[in-house]
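Step one of this worksheet: look at the structure below.
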Amino acid sequence: MKNYFFCYNGSVASYLRHIKGILFITEAIQPRNGSRFWLFEQTDELSEALTEYKQMKQQQNQA
């Protein structure tokens with residue numbers, strides 16, 4: 001499963017989809033605990049977007 005990113009955070013999924021324009025493969029429910037997740041293909045674009053998101057959140061927490 002190295003080629004996929006399982007996103008269990010709705011805020012992150014929304015950022016990736018709506019701000020960065022990265023489409024997810026599917027949205028599903030994890031059968032063991034009922035958590036919703038979004039499955040993304042692991043790409044350089046996704047990695048960069050996740051890094052940007054983390055930096056943005058760190059800046060917000062420092063303010």
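Every chain in the structure tokens takes a letter, A first, then B, and so on in the order presented; its residues are numbered from 1, and the ligands are numbered from 1 following the presented order.
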In chain A, what's strand (DSSP E or B) per DSSP? Answer as an MDAnalysis selection string? chainID A and resid 4:7 26:29 36:41
Selection to disk with N, CA, C and O atoms, as a PDB file, in the first residue's frame:
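Result file selection-v4.pdb:
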ATOM      1  N   TYR A   4      -0.377   4.524  -1.892  1.00  0.00           N
ATOM      2  CA  TYR A   4      -1.627   5.161  -1.516  1.00  0.00           C
ATOM      3  C   TYR A   4      -1.488   5.889  -0.180  1.00  0.00           C
ATOM      4  O   TYR A   4      -0.731   5.483   0.686  1.00  0.00           O
ATOM      5  N   PHE A   5      -2.264   6.939  -0.045  1.00  0.00           N
ATOM      6  CA  PHE A   5      -2.315   7.704   1.194  1.00  0.00           C
ATOM      7  C   PHE A   5      -3.736   7.620   1.726  1.00  0.00           C
ATOM      8  O   PHE A   5      -4.681   8.047   1.070  1.00  0.00           O
ATOM      9  N   PHE A   6      -3.893   7.033   2.912  1.00  0.00           N
ATOM     10  CA  PHE A   6      -5.183   6.938   3.567  1.00  0.00           C
ATOM     11  C   PHE A   6      -5.318   8.159   4.464  1.00  0.00           C
ATOM     12  O   PHE A   6      -4.562   8.311   5.424  1.00  0.00           O
ATOM     13  N   CYS A   7      -6.261   9.006   4.170  1.00  0.00           N
ATOM     14  CA  CYS A   7      -6.459  10.244   4.907  1.00  0.00           C
ATOM     15  C   CYS A   7      -7.695  10.105   5.792  1.00  0.00           C
ATOM     16  O   CYS A   7      -8.812   9.964   5.290  1.00  0.00           O
ATOM     17  N   THR A  26     -11.250   7.212  -3.705  1.00  0.00           N
ATOM     18  CA  THR A  26     -12.531   6.827  -3.127  1.00  0.00           C
ATOM     19  C   THR A  26     -12.661   7.408  -1.727  1.00  0.00           C
ATOM     20  O   THR A  26     -11.672   7.755  -1.087  1.00  0.00           O
ATOM     21  N   GLU A  27     -13.887   7.511  -1.283  1.00  0.00           N
ATOM     22  CA  GLU A  27     -14.210   7.866   0.098  1.00  0.00           C
ATOM     23  C   GLU A  27     -14.923   6.651   0.658  1.00  0.00           C
ATOM     24  O   GLU A  27     -15.828   6.106   0.016  1.00  0.00           O
ATOM     25  N   ALA A  28     -14.512   6.211   1.840  1.00  0.00           N
ATOM     26  CA  ALA A  28     -15.084   4.982   2.376  1.00  0.00           C
ATOM     27  C   ALA A  28     -15.102   5.032   3.902  1.00  0.00           C
ATOM     28  O   ALA A  28     -14.610   5.974   4.515  1.00  0.00           O
ATOM     29  N   ILE A  29     -15.666   3.982   4.480  1.00  0.00           N
ATOM     30  CA  ILE A  29     -15.732   3.820   5.930  1.00  0.00           C
ATOM     31  C   ILE A  29     -14.842   2.643   6.313  1.00  0.00           C
ATOM     32  O   ILE A  29     -14.941   1.563   5.730  1.00  0.00           O
ATOM     33  N   ARG A  36     -14.437   7.415   8.733  1.00  0.00           N
ATOM     34  CA  ARG A  36     -14.444   7.773   7.318  1.00  0.00           C
ATOM     35  C   ARG A  36     -13.006   8.075   6.887  1.00  0.00           C
ATOM     36  O   ARG A  36     -12.241   8.655   7.634  1.00  0.00           O
ATOM     37  N   PHE A  37     -12.656   7.655   5.669  1.00  0.00           N
ATOM     38  CA  PHE A  37     -11.348   7.994   5.128  1.00  0.00           C
ATOM     39  C   PHE A  37     -11.447   8.256   3.637  1.00  0.00           C
ATOM     40  O   PHE A  37     -12.416   7.882   2.990  1.00  0.00           O
ATOM     41  N   TRP A  38     -10.431   8.946   3.152  1.00  0.00           N
ATOM     42  CA  TRP A  38     -10.313   9.258   1.734  1.00  0.00           C
ATOM     43  C   TRP A  38      -9.010   8.649   1.267  1.00  0.00           C
ATOM     44  O   TRP A  38      -7.973   8.779   1.931  1.00  0.00           O
ATOM     45  N   LEU A  39      -9.040   7.981   0.129  1.00  0.00           N
ATOM     46  CA  LEU A  39      -7.858   7.310  -0.401  1.00  0.00           C
ATOM     47  C   LEU A  39      -7.321   8.110  -1.580  1.00  0.00           C
ATOM     48  O   LEU A  39      -8.036   8.370  -2.543  1.00  0.00           O
ATOM     49  N   PHE A  40      -6.052   8.512  -1.467  1.00  0.00           N
ATOM     50  CA  PHE A  40      -5.382   9.274  -2.508  1.00  0.00           C
ATOM     51  C   PHE A  40      -4.225   8.458  -3.060  1.00  0.00           C
ATOM     52  O   PHE A  40      -3.594   7.696  -2.320  1.00  0.00           O
ATOM     53  N   GLU A  41      -3.916   8.669  -4.328  1.00  0.00           N
ATOM     54  CA  GLU A  41      -2.716   8.077  -4.893  1.00  0.00           C
ATOM     55  C   GLU A  41      -1.521   8.887  -4.400  1.00  0.00           C
ATOM     56  O   GLU A  41      -1.545  10.118  -4.403  1.00  0.00           O
TER      57      GLU A  41
END
Considering only C-alpha atoms, return as a PyMOL selection string whatever protein or nucleic-acid residues lie within 12 Å of range 49-56 of chain A, sequence-local ones (same chain, fewer than 3 positions apart) excluded. chain A and resi 5+7+9+11-22+40+42-46+59-63
Just N, CA, C and O atoms for this one: save the residues we selected as a tab-separated table (two decimals), in the first residue's frame.
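out_5.tsv, written as the output of this step:
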chain	number	residue	atom	x	y	z
A	5	PHE	N	-2.26	6.94	-0.05
A	5	PHE	CA	-2.32	7.70	1.19
A	5	PHE	C	-3.74	7.62	1.73
A	5	PHE	O	-4.68	8.05	1.07
A	7	CYS	N	-6.26	9.01	4.17
A	7	CYS	CA	-6.46	10.24	4.91
A	7	CYS	C	-7.70	10.11	5.79
A	7	CYS	O	-8.81	9.96	5.29
A	9	ASN	N	-8.46	12.45	8.10
A	9	ASN	CA	-8.74	13.81	8.59
A	9	ASN	C	-9.53	14.57	7.52
A	9	ASN	O	-9.01	14.85	6.43
A	11	SER	N	-10.42	17.65	7.35
A	11	SER	CA	-9.85	18.95	7.01
A	11	SER	C	-8.73	18.81	5.99
A	11	SER	O	-8.62	19.59	5.04
A	12	VAL	N	-7.89	17.81	6.19
A	12	VAL	CA	-6.80	17.56	5.24
A	12	VAL	C	-7.37	17.14	3.89
A	12	VAL	O	-6.95	17.64	2.84
A	13	ALA	N	-8.34	16.23	3.90
A	13	ALA	CA	-8.96	15.77	2.65
A	13	ALA	C	-9.59	16.94	1.90
A	13	ALA	O	-9.46	17.05	0.67
A	14	SER	N	-10.26	17.82	2.62
A	14	SER	CA	-10.89	18.99	2.00
A	14	SER	C	-9.84	19.91	1.40
A	14	SER	O	-10.01	20.42	0.28
A	15	TYR	N	-8.75	20.14	2.12
A	15	TYR	CA	-7.66	20.98	1.61
A	15	TYR	C	-7.09	20.38	0.32
A	15	TYR	O	-6.91	21.10	-0.67
A	16	LEU	N	-6.82	19.09	0.36
A	16	LEU	CA	-6.24	18.44	-0.83
A	16	LEU	C	-7.19	18.55	-2.02
A	16	LEU	O	-6.76	18.85	-3.14
A	17	ARG	N	-8.46	18.32	-1.79
A	17	ARG	CA	-9.44	18.30	-2.88
A	17	ARG	C	-9.79	19.71	-3.36
A	17	ARG	O	-9.73	19.99	-4.55
A	18	HIS	N	-10.17	20.57	-2.44
A	18	HIS	CA	-10.73	21.87	-2.83
A	18	HIS	C	-9.70	22.96	-3.04
A	18	HIS	O	-9.89	23.82	-3.90
A	19	ILE	N	-8.63	22.94	-2.27
A	19	ILE	CA	-7.61	23.98	-2.41
A	19	ILE	C	-6.55	23.58	-3.43
A	19	ILE	O	-6.16	24.37	-4.28
A	20	LYS	N	-6.08	22.33	-3.33
A	20	LYS	CA	-5.01	21.88	-4.21
A	20	LYS	C	-5.51	21.17	-5.47
A	20	LYS	O	-4.74	20.93	-6.38
A	21	GLY	N	-6.78	20.83	-5.52
A	21	GLY	CA	-7.35	20.20	-6.72
A	21	GLY	C	-6.91	18.77	-6.94
A	21	GLY	O	-6.93	18.28	-8.07
A	22	ILE	N	-6.55	18.09	-5.88
A	22	ILE	CA	-6.12	16.69	-5.98
A	22	ILE	C	-7.33	15.79	-5.75
A	22	ILE	O	-7.99	15.88	-4.71
A	40	PHE	N	-6.05	8.51	-1.47
A	40	PHE	CA	-5.38	9.27	-2.51
A	40	PHE	C	-4.23	8.46	-3.06
A	40	PHE	O	-3.59	7.70	-2.32
A	42	GLN	N	-0.47	8.19	-3.95
A	42	GLN	CA	0.73	8.86	-3.46
A	42	GLN	C	1.53	9.38	-4.66
A	42	GLN	O	1.99	8.61	-5.48
A	43	THR	N	1.63	10.71	-4.77
A	43	THR	CA	2.37	11.35	-5.85
A	43	THR	C	3.25	12.45	-5.26
A	43	THR	O	3.09	12.83	-4.09
A	44	ASP	N	4.14	12.98	-6.08
A	44	ASP	CA	4.94	14.13	-5.64
A	44	ASP	C	4.04	15.32	-5.33
A	44	ASP	O	4.27	16.04	-4.36
A	45	GLU	N	3.02	15.52	-6.15
A	45	GLU	CA	2.07	16.62	-5.93
A	45	GLU	C	1.39	16.48	-4.57
A	45	GLU	O	1.25	17.47	-3.83
A	46	LEU	N	0.98	15.29	-4.23
A	46	LEU	CA	0.34	15.04	-2.94
A	46	LEU	C	1.32	15.30	-1.80
A	46	LEU	O	0.97	15.96	-0.82
A	59	GLN	N	2.08	27.38	11.33
A	59	GLN	CA	2.04	28.85	11.38
A	59	GLN	C	0.80	29.34	12.12
A	59	GLN	O	0.87	30.28	12.89
A	60	GLN	N	-0.33	28.68	11.90
A	60	GLN	CA	-1.56	29.05	12.58
A	60	GLN	C	-1.44	28.80	14.09
A	60	GLN	O	-1.95	29.58	14.88
A	61	ASN	N	-0.79	27.72	14.46
A	61	ASN	CA	-0.64	27.40	15.88
A	61	ASN	C	0.32	28.34	16.59
A	61	ASN	O	0.22	28.53	17.80
A	62	GLN	N	1.27	28.90	15.85
A	62	GLN	CA	2.23	29.82	16.45
A	62	GLN	C	1.66	31.25	16.60
A	62	GLN	O	2.17	32.03	17.37
A	63	ALA	N	0.64	31.53	15.84
A	63	ALA	CA	0.06	32.88	15.87
A	63	ALA	C	-0.79	33.11	17.11
A	63	ALA	O	-1.21	32.29	17.81
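Per DSSP on the backbone, helix (DSSP H, G or I) in chain A comprises Gly10, Ser11, Val12, Ala13, Ser14, Tyr15, Leu16, Arg17, His18, Ile19, Asp44, Glu45, Leu46, Ser47, Glu48, Ala49, Leu50, Thr51, Glu52, Tyr53, Lys54, Gln55, Met56, Lys57, Gln58, Gln59, Gln60, Asn61 and Gln62 of chain A.
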With N, CA, C and O atoms retained, write the just-selected residues as an mmCIF file, in the first residue's frame.
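Contents of out35.cif, freshly written:
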data_model
loop_
_atom_site.group_PDB
_atom_site.id
_atom_site.type_symbol
_atom_site.label_atom_id
_atom_site.label_comp_id
_atom_site.auth_asym_id
_atom_site.auth_seq_id
_atom_site.Cartn_x
_atom_site.Cartn_y
_atom_site.Cartn_z
ATOM 1 N N GLY A 10 -10.766 14.905 7.832
ATOM 2 C CA GLY A 10 -11.627 15.593 6.877
ATOM 3 C C GLY A 10 -11.089 16.945 6.441
ATOM 4 O O GLY A 10 -11.253 17.341 5.283
ATOM 5 N N SER A 11 -10.424 17.653 7.353
ATOM 6 C CA SER A 11 -9.850 18.951 7.006
ATOM 7 C C SER A 11 -8.727 18.805 5.986
ATOM 8 O O SER A 11 -8.624 19.591 5.036
ATOM 9 N N VAL A 12 -7.895 17.808 6.186
ATOM 10 C CA VAL A 12 -6.802 17.557 5.235
ATOM 11 C C VAL A 12 -7.367 17.136 3.889
ATOM 12 O O VAL A 12 -6.952 17.636 2.840
ATOM 13 N N ALA A 13 -8.344 16.232 3.897
ATOM 14 C CA ALA A 13 -8.957 15.775 2.648
ATOM 15 C C ALA A 13 -9.593 16.939 1.896
ATOM 16 O O ALA A 13 -9.463 17.049 0.675
ATOM 17 N N SER A 14 -10.256 17.819 2.618
ATOM 18 C CA SER A 14 -10.888 18.988 2.004
ATOM 19 C C SER A 14 -9.840 19.914 1.397
ATOM 20 O O SER A 14 -10.010 20.421 0.284
ATOM 21 N N TYR A 15 -8.754 20.142 2.116
ATOM 22 C CA TYR A 15 -7.661 20.976 1.613
ATOM 23 C C TYR A 15 -7.094 20.385 0.321
ATOM 24 O O TYR A 15 -6.909 21.097 -0.673
ATOM 25 N N LEU A 16 -6.818 19.090 0.358
ATOM 26 C CA LEU A 16 -6.245 18.445 -0.827
ATOM 27 C C LEU A 16 -7.190 18.548 -2.020
ATOM 28 O O LEU A 16 -6.761 18.845 -3.144
ATOM 29 N N ARG A 17 -8.456 18.318 -1.789
ATOM 30 C CA ARG A 17 -9.438 18.299 -2.880
ATOM 31 C C ARG A 17 -9.785 19.707 -3.357
ATOM 32 O O ARG A 17 -9.730 19.994 -4.549
ATOM 33 N N HIS A 18 -10.170 20.570 -2.443
ATOM 34 C CA HIS A 18 -10.734 21.867 -2.834
ATOM 35 C C HIS A 18 -9.697 22.964 -3.041
ATOM 36 O O HIS A 18 -9.893 23.821 -3.900
ATOM 37 N N ILE A 19 -8.625 22.942 -2.274
ATOM 38 C CA ILE A 19 -7.610 23.981 -2.409
ATOM 39 C C ILE A 19 -6.547 23.576 -3.431
ATOM 40 O O ILE A 19 -6.157 24.366 -4.282
ATOM 41 N N ASP A 44 4.139 12.984 -6.084
ATOM 42 C CA ASP A 44 4.942 14.126 -5.644
ATOM 43 C C ASP A 44 4.044 15.316 -5.331
ATOM 44 O O ASP A 44 4.268 16.039 -4.363
ATOM 45 N N GLU A 45 3.019 15.519 -6.148
ATOM 46 C CA GLU A 45 2.075 16.623 -5.928
ATOM 47 C C GLU A 45 1.390 16.485 -4.569
ATOM 48 O O GLU A 45 1.251 17.467 -3.832
ATOM 49 N N LEU A 46 0.983 15.286 -4.231
ATOM 50 C CA LEU A 46 0.337 15.043 -2.939
ATOM 51 C C LEU A 46 1.320 15.299 -1.800
ATOM 52 O O LEU A 46 0.972 15.960 -0.816
ATOM 53 N N SER A 47 2.542 14.813 -1.924
ATOM 54 C CA SER A 47 3.544 15.020 -0.881
ATOM 55 C C SER A 47 3.802 16.500 -0.645
ATOM 56 O O SER A 47 3.888 16.946 0.502
ATOM 57 N N GLU A 48 3.907 17.255 -1.722
ATOM 58 C CA GLU A 48 4.124 18.701 -1.602
ATOM 59 C C GLU A 48 2.932 19.375 -0.930
ATOM 60 O O GLU A 48 3.108 20.253 -0.080
ATOM 61 N N ALA A 49 1.733 18.981 -1.305
ATOM 62 C CA ALA A 49 0.527 19.569 -0.718
ATOM 63 C C ALA A 49 0.444 19.254 0.773
ATOM 64 O O ALA A 49 0.059 20.113 1.575
ATOM 65 N N LEU A 50 0.798 18.040 1.174
ATOM 66 C CA LEU A 50 0.772 17.672 2.590
ATOM 67 C C LEU A 50 1.805 18.466 3.381
ATOM 68 O O LEU A 50 1.532 18.902 4.503
ATOM 69 N N THR A 51 2.966 18.681 2.794
ATOM 70 C CA THR A 51 3.995 19.495 3.443
ATOM 71 C C THR A 51 3.499 20.927 3.622
ATOM 72 O O THR A 51 3.651 21.521 4.690
ATOM 73 N N GLU A 52 2.879 21.482 2.584
ATOM 74 C CA GLU A 52 2.319 22.834 2.668
ATOM 75 C C GLU A 52 1.249 22.917 3.743
ATOM 76 O O GLU A 52 1.187 23.889 4.502
ATOM 77 N N TYR A 53 0.392 21.916 3.826
ATOM 78 C CA TYR A 53 -0.674 21.897 4.830
ATOM 79 C C TYR A 53 -0.076 21.892 6.240
ATOM 80 O O TYR A 53 -0.507 22.657 7.112
ATOM 81 N N LYS A 54 0.927 21.049 6.453
ATOM 82 C CA LYS A 54 1.565 20.977 7.771
ATOM 83 C C LYS A 54 2.202 22.309 8.147
ATOM 84 O O LYS A 54 2.071 22.768 9.283
ATOM 85 N N GLN A 55 2.867 22.932 7.192
ATOM 86 C CA GLN A 55 3.498 24.236 7.454
ATOM 87 C C GLN A 55 2.445 25.295 7.771
ATOM 88 O O GLN A 55 2.620 26.108 8.672
ATOM 89 N N MET A 56 1.342 25.273 7.033
ATOM 90 C CA MET A 56 0.265 26.225 7.257
ATOM 91 C C MET A 56 -0.316 26.050 8.669
ATOM 92 O O MET A 56 -0.543 27.031 9.380
ATOM 93 N N LYS A 57 -0.532 24.812 9.083
ATOM 94 C CA LYS A 57 -1.082 24.545 10.408
ATOM 95 C C LYS A 57 -0.105 24.951 11.510
ATOM 96 O O LYS A 57 -0.519 25.472 12.536
ATOM 97 N N GLN A 58 1.184 24.742 11.290
ATOM 98 C CA GLN A 58 2.182 25.151 12.272
ATOM 99 C C GLN A 58 2.190 26.667 12.433
ATOM 100 O O GLN A 58 2.276 27.169 13.549
ATOM 101 N N GLN A 59 2.079 27.378 11.325
ATOM 102 C CA GLN A 59 2.044 28.852 11.382
ATOM 103 C C GLN A 59 0.804 29.339 12.115
ATOM 104 O O GLN A 59 0.867 30.283 12.894
ATOM 105 N N GLN A 60 -0.328 28.680 11.901
ATOM 106 C CA GLN A 60 -1.561 29.054 12.579
ATOM 107 C C GLN A 60 -1.441 28.801 14.086
ATOM 108 O O GLN A 60 -1.948 29.582 14.884
ATOM 109 N N ASN A 61 -0.788 27.725 14.461
ATOM 110 C CA ASN A 61 -0.641 27.395 15.878
ATOM 111 C C ASN A 61 0.323 28.336 16.585
ATOM 112 O O ASN A 61 0.215 28.531 17.796
ATOM 113 N N GLN A 62 1.269 28.903 15.855
ATOM 114 C CA GLN A 62 2.233 29.823 16.453
ATOM 115 C C GLN A 62 1.665 31.248 16.595
ATOM 116 O O GLN A 62 2.172 32.025 17.374
#
